[in-house]
Amino acid sequence: MGLQVARSDMVLAYIGLGGNLDSGAIQPAQTLLQAASDLDQLPHTRLMQLSPLYRSAPIGYDDQPDFINAVALLQTRLSAIELLQHLQALELQHGRQRSTLQRNGPRTLDLDLLLYGEHGEQCIDLPTLQVPHPRLHQRAFVLRPLADIAPALHIPGQGPLGDLLPQVSAQVVRQLPADPNGNAALT
Ligand code: AMP
C-alpha cells in the first residue's frame, strides 16, 4: 500500500511519543518536540494538540534512563496502516535502531498509534497493528498526557479515561515545566 494514499474522510489519531536516549546531540525532550512538528508535516495530516511533556520511570527493564513522554492529537486522512508506516519511518529518522531494540528497552524515539477513528473509537486487530494500543490503559505515561488533551475520552474495551487513571496512580510520572520559549525544561 502506498504511503500517500488517503481516505476521503478526516479522522482523529492519538499518538504516544516517548524516548530516553540522545539522538546525536539532541536530547529526548527536543526529539519529541521535533517529532511532533514532523507529525504536522505528514501528508493529509495536521497536528491539533500536543500535551505537556512528562518524565516517567522505565517499566519492565529498569537499568536505563527515565523516559520523556507526551501525546499528540492528529487530524488525518491517512489510513491507520499508512499512519503506522509513517510513524516507523519517523522513528528511524530520529535515530531509532530497531534491530537491536528489546521490548521496553532504551530508544531515541517511540511513536505508538494509541487511538484512531472519527472519535478515536476504531478497533483494529491486525498482525502488525492493534488499536487501541494494547497496553495504553496500563500506563500512566500515556494516560496522564492523554487526559491533558482529551479528559472525557472513552477507551474502547477499557472504559472512561477518568476511571483508568486511578488504577495507574502508583506509577511515577512528573510533568515537565515549559520554558518561556515553549520548550520543555529537563529538570
Ligand atoms: P515498539 O517496540 O513499541 O515500537 O513496537 C513496534 C511494533 O509494534 C511494530 O512491529 C508494530 O507493527 C507493532 N504495533 C502493533 N500495534 C501498534 C500500535 N498501535 N502502534 C505502534 N506499533 C504497533
# chains A, B, ... in the order shown; residues from 1 in each chain; ligands from 1
>>> residues_near_ligand(ligand="ligand 1", cutoff="9 Å", atoms="only C-alpha atoms and all ligand atoms", output="JSON, numbers by chain")
{"A": [15, 16, 80, 84, 85, 87, 88, 91, 98, 101, 102, 103, 104, 105, 109, 110, 111, 112, 113, 114, 115, 124, 125, 126, 127, 128, 129, 130, 131, 132, 133, 134]}
>>> select_by_dssp(residues="range 25-81 of chain A", states="strand (DSSP E)", output="ChimeraX atom specification")
/A:45-50,54-56,67-78
>>> residues_around(residues="Gly19 in chain A", least_positions_apart="4", cutoff="10 Å", atoms="only C-alpha atoms", output="VMD selection string")
chain A and resid 23 27 to 29 31 to 32 55 65 to 70 91 96 105 to 111
>>> atom_distance(atom1="CA of His44 in chain A", atom2="CA of Arg135 in chain A")
27.5 Å
>>> closest_residue(among="A:Asn20, A:Arg144, A:Leu164, A:Val11", to="Ala57 in chain A", atoms="only C-alpha atoms")
A:Asn20
>>> select_by_dssp(residues="range 53-159 of chain A", states="alpha helix (DSSP H)", output="count of residues only")
24
>>> atom_distance(atom1="CA of Pro177 in chain A", atom2="CA of Asp22 in chain A")
19.6 Å
>>> closest_residue(among="A:Ala72, A:Met10, A:Ile26, A:Ala170", to="Met48 in chain A", atoms="only C-alpha atoms")
A:Ala72
>>> residues_around(residues="Leu39 in chain A", least_positions_apart="4", cutoff="10 Å", atoms="only C-alpha atoms", output="list in words")
Ile15, Leu33, Gln34, Ala35, Pro43, Thr45, Arg46, Leu47, Ala72, Leu73, Leu74, Leu83, His86, Leu87 and Leu90 of chain A
